Structure formats: structure tokens, C-alpha cells
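Undergrad: One structure coming up, written as C-alpha cells, with questions to follow.
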Amino acid sequence: MENRLRHLRSQRGWSQAELAERLNVSRQTINSIETGKYDPSLPLAFEISRLFRLPIERIFTPDRRGDAST
Amino acid sequence: MSSILDISGFSYKLIFMTIPSTWLARIRRPVLVWSMTALVANLVVKWIVAADPALPIIARKALMLAPLVPLLMFVGTLVRMVRHMDELQQRICLESVFIAFVASLTLMFVFAGLSESGIWQPHWDIIGTAMMAFWAAGYLYASWKYR
């Protein structure tokens with residue numbers, strides 16, 4: 001799954017640590033999502049969607065190859 | 001005392017300050033405290049029992065069971081710690097436990113073969129240490145995978 005998390009975070013001038021704090025997760029989790037090494041759970045994806053006030057499909061899109069990374 | 005703490009002109013405070021703050025936070029974690037307490041209690045009890053062969057059986061049994069208290073506290077704090085982790089950290093824990101389980105199972109078969117053939121009789125301590133080592137290695141691998 002691909003995502004625009006790094007782009008959206010940079011737009012708001014937040015560091016990974018700041019975003020992690022807002023989402024109540026570790027900085028490693030944010031980094032892993034941004035680098036595509038980890039796909040968040042549905043509750044966390046909805047939490048990210050709520051935080052950025054964007055529909056979930058505007059943040060997360062299926063991988064072009066159609067395979068999940070995790 | 002000050003000569004011990006002040007080695008080659010370096011204050012112990014300076015040395016202490018060079019330790020990353022995250023390490024200190026980890027050291028303070030109850031999980032680490034209880035695991036170290038259980039380990040030390042186990043070593044002390046073994047030493048006492050070995051040093052005094054004339055120890056009454058009841059006292060010996062009580063002593064040998066004493067490390068179970070910090071061990072149970074360790075298990076309790078470990079479970080609580082995992083429950084408070086975020087989803088990625090829980091996943092890392094789960095993967096490391098799976099790696100440790102598979103590696104330990106393989107090792108048990110090897111040890112069973114060695115034992116039954118009379119080549120070598122492994123001690124419980126070795127099996128326990130190997131399981132912990134597998135878990136640590138699994139944790140490092142899983143953590144590296146999601147770095």
C-alpha cells in the first residue's frame with residue numbers, strides 16, 4: 001500500500017515525533033508507515049484520516065503492483 | 001569513594017551524562033528492574049544453597065522458590081508493557097516470539113537427539129538461555145525490519 005503521510009506531515013511542518021505523539025504511537029511506527037514497510041491497522045488509518053481531515057483513500061492507495069507490503 | 005568515582009579526571013557524572021537518555025528510560029522500566037531482580041535472586045539463592053549443604057530441606061525449598069516472586073512480577077509487568085505498546089511494537093513482539101518459538105522447537109529436537117544418543121545431556125539453564133537469546137535475536141531482527 002502506498003501513502004502520502006510524509007507529504008501531508010511535511011505540509012503541516014510536523015516532525016515524525018510530533019505526528020507520533022498526536023496519534024499516540026511510536027516514532028518508529030510513523031517512520032515505518034512513511035517508508036512503506038508497515039501498513040497501519042484500520043483504526044490507525046482512520047485516526048490518521050481524522051487528524052489530517054482527509055478521506056482515507058486520499059492518504060492510502062493500493063500498491064500499483066497490487067501486493068501488500070506487510 | 002571519590003577516587004573510585006573520579007577515574008582519570010573524569011567525573012562519574014560526566015560518564016553518566018554520556019549515556020543516551022533513552023537507555024536510562026529503558027533501565028528504569030519495571031520490566032528490566034524485575035528481570036534483573038529475578039536473575040540476581042536466582043544467582044544468590046543458588047550460591048546460598050551450594051555454600052551451605054547442611055541447610056534444612058524446608059529452608060532449601062523456600063529459598064529455591066523465592067526467585068519466583070520477582071519472576072512473576074517480571075511476567076506481569078511484561079504483559080502490561082506489551083498491552084500498552086502501539087500496534088507496530090506489538091507486531092515486532094509477536095514476530096520475535098514466533099522466531100524464538102520456532103528456533104527453540106528446533107533446538108529442543110536437536111537436544112533431544114543428542115540426549116537420547118548419549119552424546120550430551122543439556123542442562124535446563126542452557127535451554128532457558130538459548131530461548132532468551134533466540135527471543136532477543138528475533139526482537140532485533142523484527143525491529144531492524146521495521147526500522
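Chain identifiers are assigned as A, B, and so on, following the order in which chains appear in the C-alpha cells; residues are numbered from 1 within each chain, and ligands are numbered from 1 in order of appearance.
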Residues of chain A were defined as contacting chain B if any atom lay at most 6 Å from it, counting only C-alpha atoms; please report them as a list in words.

TA: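 That gives Val25, Thr29 and Ser32 of chain A for chain A.
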
Undergrad: Quick one: pull the distance between CA of Phe52 in chain A and CA of Tyr38 in chain A, Å, one decimal.

TA: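 So the answer is 19.3 Å.
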
Undergrad: Pick out the closest residue to Arg29 in chain B from this set: B:Met81, B:Leu71, B:Leu140, B:Leu43. Count only C-alpha atoms.

TA: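 Smallest distance to Arg29 in chain B is found for B:Met81.
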
Undergrad: In Å to one decimal, how far is CA of Pro67 in chain B from CA of Ala41 in chain B?

TA: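 Here the two named atoms are 5.3 Å from each other.
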
Undergrad: Looking only at helix (DSSP H, G or I) from DSSP on the backbone, list the matching residues of chain A as a PyMOL selection string.

TA: chain A and resi 5-11+16-23+27-34+42-52+56-59

Undergrad: Could you name the residues that touch range 18-20 of chain A at 10 Å or less, counting only C-alpha atoms, but leaving out those on the same chain fewer than 3 positions away, as a list in words?

TA: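 Contacts, with the query itself left out: Leu5, Arg9, Arg12, Gly13, Trp14, Ser15, Leu23, Asn24, Val25, Ser26, Arg27, Gln28, Thr29, Ile30, Asn31, Ile48 and Leu51 of chain A.
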
Undergrad: Next, dump the selected residues to file, keeping only N, CA and C atoms, as an mmCIF file, in the first residue's frame.

TA:
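Saved the output as result_39.cif:
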```cif
data_model
loop_
_atom_site.group_PDB
_atom_site.id
_atom_site.type_symbol
_atom_site.label_atom_id
_atom_site.label_comp_id
_atom_site.auth_asym_id
_atom_site.auth_seq_id
_atom_site.Cartn_x
_atom_site.Cartn_y
_atom_site.Cartn_z
ATOM 1 N N LEU A 5 1.639 10.065 3.630
ATOM 2 C CA LEU A 5 1.789 10.527 5.016
ATOM 3 C C LEU A 5 2.955 11.503 5.170
ATOM 4 N N ARG A 9 2.504 15.299 6.321
ATOM 5 C CA ARG A 9 3.180 15.714 7.571
ATOM 6 C C ARG A 9 4.082 16.916 7.311
ATOM 7 N N ARG A 12 2.354 20.259 7.006
ATOM 8 C CA ARG A 12 1.964 20.865 8.279
ATOM 9 C C ARG A 12 3.170 21.209 9.154
ATOM 10 N N GLY A 13 4.348 20.902 8.669
ATOM 11 C CA GLY A 13 5.570 21.220 9.410
ATOM 12 C C GLY A 13 5.760 20.406 10.669
ATOM 13 N N TRP A 14 5.198 19.217 10.681
ATOM 14 C CA TRP A 14 5.330 18.361 11.859
ATOM 15 C C TRP A 14 6.515 17.409 11.688
ATOM 16 N N SER A 15 7.158 17.134 12.779
ATOM 17 C CA SER A 15 8.209 16.109 12.764
ATOM 18 C C SER A 15 7.535 14.749 12.946
ATOM 19 N N LEU A 23 -0.861 10.945 17.319
ATOM 20 C CA LEU A 23 -1.571 9.687 17.037
ATOM 21 C C LEU A 23 -1.419 8.651 18.153
ATOM 22 N N ASN A 24 -0.623 9.020 19.152
ATOM 23 C CA ASN A 24 -0.391 8.135 20.298
ATOM 24 C C ASN A 24 0.263 6.809 19.871
ATOM 25 N N VAL A 25 1.230 6.929 18.979
ATOM 26 C CA VAL A 25 2.021 5.760 18.565
ATOM 27 C C VAL A 25 3.502 6.140 18.670
ATOM 28 N N SER A 26 4.376 5.167 18.386
ATOM 29 C CA SER A 26 5.809 5.454 18.469
ATOM 30 C C SER A 26 6.297 6.111 17.178
ATOM 31 N N ARG A 27 7.449 6.782 17.250
ATOM 32 C CA ARG A 27 8.017 7.418 16.067
ATOM 33 C C ARG A 27 8.398 6.358 15.031
ATOM 34 N N GLN A 28 8.786 5.195 15.522
ATOM 35 C CA GLN A 28 9.140 4.087 14.626
ATOM 36 C C GLN A 28 7.948 3.689 13.758
ATOM 37 N N THR A 29 6.767 3.724 14.354
ATOM 38 C CA THR A 29 5.550 3.375 13.607
ATOM 39 C C THR A 29 5.334 4.359 12.461
ATOM 40 N N ILE A 30 5.492 5.645 12.750
ATOM 41 C CA ILE A 30 5.320 6.675 11.714
ATOM 42 C C ILE A 30 6.342 6.477 10.602
ATOM 43 N N ASN A 31 7.588 6.250 11.006
ATOM 44 C CA ASN A 31 8.660 6.057 10.021
ATOM 45 C C ASN A 31 8.384 4.823 9.156
ATOM 46 N N ILE A 48 -5.529 8.561 11.399
ATOM 47 C CA ILE A 48 -4.698 9.420 10.541
ATOM 48 C C ILE A 48 -5.607 10.272 9.643
ATOM 49 N N LEU A 51 -7.159 12.994 11.669
ATOM 50 C CA LEU A 51 -6.180 14.022 12.036
ATOM 51 C C LEU A 51 -5.904 14.980 10.874
#
```

Undergrad: Please provide the set of residues having any atom within 12 Å of Ser49 in chain A, restricted to only C-alpha atoms, with same-chain residues fewer than 5 positions apart removed, written as a short mmCIF file (atom, residue, chain, number, x, y, z; two decimals) with N, CA, C and O atoms, in the first residue's frame.

TA:
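Heads up, here's the output in part17.cif:
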```
data_model
loop_
_atom_site.label_atom_id
_atom_site.label_comp_id
_atom_site.auth_asym_id
_atom_site.auth_seq_id
_atom_site.Cartn_x
_atom_site.Cartn_y
_atom_site.Cartn_z
N ASN A 3 1.26 5.52 0.45
CA ASN A 3 0.60 6.56 1.24
C ASN A 3 1.30 7.90 1.07
O ASN A 3 2.46 7.97 0.65
N ARG A 4 0.56 8.93 1.43
CA ARG A 4 1.07 10.31 1.31
C ARG A 4 1.36 10.92 2.68
O ARG A 4 1.34 12.13 2.86
N LEU A 5 1.64 10.07 3.63
CA LEU A 5 1.79 10.53 5.02
C LEU A 5 2.96 11.50 5.17
O LEU A 5 2.81 12.55 5.82
N LEU A 8 1.98 14.87 3.65
CA LEU A 8 0.99 15.58 4.47
C LEU A 8 1.61 16.10 5.77
O LEU A 8 1.30 17.20 6.22
N LEU A 23 -0.86 10.94 17.32
CA LEU A 23 -1.57 9.69 17.04
C LEU A 23 -1.42 8.65 18.15
O LEU A 23 -1.97 7.54 18.07
N PRO A 40 -0.64 0.44 8.30
CA PRO A 40 -1.34 0.59 9.59
C PRO A 40 -2.63 -0.21 9.64
O PRO A 40 -3.20 -0.56 8.60
N LEU A 42 -6.67 -0.70 10.42
CA LEU A 42 -7.80 0.14 10.00
C LEU A 42 -8.10 1.24 11.04
O LEU A 42 -8.27 2.41 10.66
N PRO A 43 -8.12 0.93 12.35
CA PRO A 43 -8.35 2.01 13.33
C PRO A 43 -7.30 3.12 13.25
O PRO A 43 -7.64 4.29 13.33
N LEU A 44 -6.03 2.75 13.06
CA LEU A 44 -4.98 3.78 12.98
C LEU A 44 -5.10 4.57 11.67
O LEU A 44 -4.92 5.79 11.67
N LEU A 54 -8.90 14.32 5.96
CA LEU A 54 -8.96 13.86 4.57
C LEU A 54 -9.58 12.47 4.51
O LEU A 54 -9.39 11.69 5.46
N PRO A 55 -10.28 12.16 3.41
CA PRO A 55 -10.80 10.79 3.29
C PRO A 55 -9.63 9.79 3.27
O PRO A 55 -8.55 10.12 2.76
N ILE A 56 -9.87 8.65 3.79
CA ILE A 56 -8.81 7.63 3.92
C ILE A 56 -8.16 7.29 2.57
O ILE A 56 -6.95 7.10 2.49
N GLU A 57 -8.99 7.29 1.51
CA GLU A 57 -8.44 6.94 0.18
C GLU A 57 -7.58 8.04 -0.41
O GLU A 57 -6.88 7.82 -1.40
N ARG A 58 -7.61 9.24 0.20
CA ARG A 58 -6.73 10.32 -0.26
C ARG A 58 -5.35 10.21 0.39
O ARG A 58 -4.41 10.86 -0.03
N ILE A 59 -5.26 9.40 1.41
CA ILE A 59 -3.98 9.21 2.11
C ILE A 59 -3.35 7.87 1.72
O ILE A 59 -2.17 7.79 1.42
N PHE A 60 -4.18 6.85 1.73
CA PHE A 60 -3.68 5.50 1.41
C PHE A 60 -4.28 5.03 0.09
O PHE A 60 -5.49 5.12 -0.12
#
```

Undergrad: Between CA of Ala130 in chain B and CA of Thr106 in chain B, what is the spacing in Å?

TA: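 Here the two named atoms are 11.3 Å from each other.
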
Undergrad: If you run DSSP over the backbone, which residues in chain A end up strand (DSSP E)? Put them as a PyMOL selection string.

TA: chain A and resi 2-3+60-61

Undergrad: Have a look at A:Phe46, A:Asp39, A:Thr61, A:Glu34 and name the one nearest to Gln16 in chain A; count only C-alpha atoms.

TA: A:Glu34

Undergrad: Skipping near chain neighbours, those fewer than 3 positions away, what residues fall within 10 Å of Ala136 in chain B using only C-alpha atoms, listed as a list of chain:residue names?

TA: B:Ser96, B:Val97, B:Ile99, B:Ala100, B:Ala130, B:Met131, B:Met132, B:Ala133, B:Tyr139, B:Leu140, B:Tyr141, B:Ala142

Undergrad: Just write the chosen residues, N, CA and C atoms, as a short mmCIF file (atom, residue, chain, number, x, y, z; two decimals), in the first residue's frame.

TA:
```
data_model
loop_
_atom_site.label_atom_id
_atom_site.label_comp_id
_atom_site.auth_asym_id
_atom_site.auth_seq_id
_atom_site.Cartn_x
_atom_site.Cartn_y
_atom_site.Cartn_z
N SER B 96 8.96 -11.57 17.06
CA SER B 96 10.14 -12.06 17.80
C SER B 96 9.80 -13.31 18.60
N VAL B 97 8.59 -13.35 19.14
CA VAL B 97 8.15 -14.54 19.89
C VAL B 97 8.01 -15.73 18.96
N ILE B 99 9.66 -16.21 16.10
CA ILE B 99 11.02 -16.63 15.74
C ILE B 99 11.63 -17.45 16.88
N ALA B 100 11.47 -16.94 18.11
CA ALA B 100 12.03 -17.64 19.28
C ALA B 100 11.39 -19.02 19.45
N ALA B 130 19.24 -20.21 25.83
CA ALA B 130 19.10 -20.24 24.37
C ALA B 130 17.77 -19.62 23.95
N MET B 131 16.70 -19.93 24.69
CA MET B 131 15.38 -19.36 24.38
C MET B 131 15.41 -17.84 24.49
N MET B 132 16.04 -17.34 25.54
CA MET B 132 16.14 -15.89 25.73
C MET B 132 16.97 -15.26 24.60
N ALA B 133 18.04 -15.96 24.23
CA ALA B 133 18.92 -15.46 23.15
C ALA B 133 18.15 -15.43 21.82
N TYR B 139 13.83 -10.29 18.27
CA TYR B 139 13.39 -8.91 18.53
C TYR B 139 14.25 -7.93 17.73
N LEU B 140 15.57 -8.16 17.74
CA LEU B 140 16.49 -7.28 17.00
C LEU B 140 16.20 -7.35 15.50
N TYR B 141 15.95 -8.57 15.00
CA TYR B 141 15.66 -8.74 13.58
C TYR B 141 14.35 -8.03 13.20
N ALA B 142 13.29 -8.28 13.98
CA ALA B 142 11.99 -7.68 13.68
C ALA B 142 12.04 -6.16 13.78
#
```

Undergrad: With a distance cut-off of 12 Å and only C-alpha atoms, select the neighbouring residues of Ala59 in chain B, excluding the residue or stretch itself and same-chain residues fewer than 5 positions from it, and output the selection as a list in words.

TA: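 What passes the distance filter is Val45, Ile48, Val49, Asp52, Pro53, Ala54, Met64, Leu65 and Ala66 of chain B.
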
Undergrad: Keeping only N, CA and C atoms, write those residues as a short mmCIF file (atom, residue, chain, number, x, y, z; two decimals), in the first residue's frame.

TA:
```
data_model
loop_
_atom_site.label_atom_id
_atom_site.label_comp_id
_atom_site.auth_asym_id
_atom_site.auth_seq_id
_atom_site.Cartn_x
_atom_site.Cartn_y
_atom_site.Cartn_z
N VAL B 45 20.37 -17.26 45.42
CA VAL B 45 19.79 -18.47 46.01
C VAL B 45 20.64 -19.70 45.68
N ILE B 48 23.75 -19.56 47.83
CA ILE B 48 23.49 -19.89 49.24
C ILE B 48 23.31 -21.39 49.41
N VAL B 49 22.50 -21.99 48.53
CA VAL B 49 22.21 -23.43 48.62
C VAL B 49 23.49 -24.26 48.41
N ASP B 52 25.95 -23.88 51.57
CA ASP B 52 25.57 -24.49 52.85
C ASP B 52 24.81 -25.81 52.62
N PRO B 53 25.53 -26.91 52.52
CA PRO B 53 24.87 -28.20 52.28
C PRO B 53 24.02 -28.68 53.47
N ALA B 54 24.29 -28.11 54.65
CA ALA B 54 23.56 -28.53 55.85
C ALA B 54 22.24 -27.79 56.04
N MET B 64 14.71 -21.86 47.17
CA MET B 64 14.69 -22.15 45.73
C MET B 64 13.44 -21.56 45.05
N LEU B 65 12.35 -21.43 45.82
CA LEU B 65 11.12 -20.87 45.25
C LEU B 65 11.07 -19.34 45.34
N ALA B 66 11.95 -18.75 46.14
CA ALA B 66 11.94 -17.30 46.34
C ALA B 66 12.07 -16.49 45.04
#
```
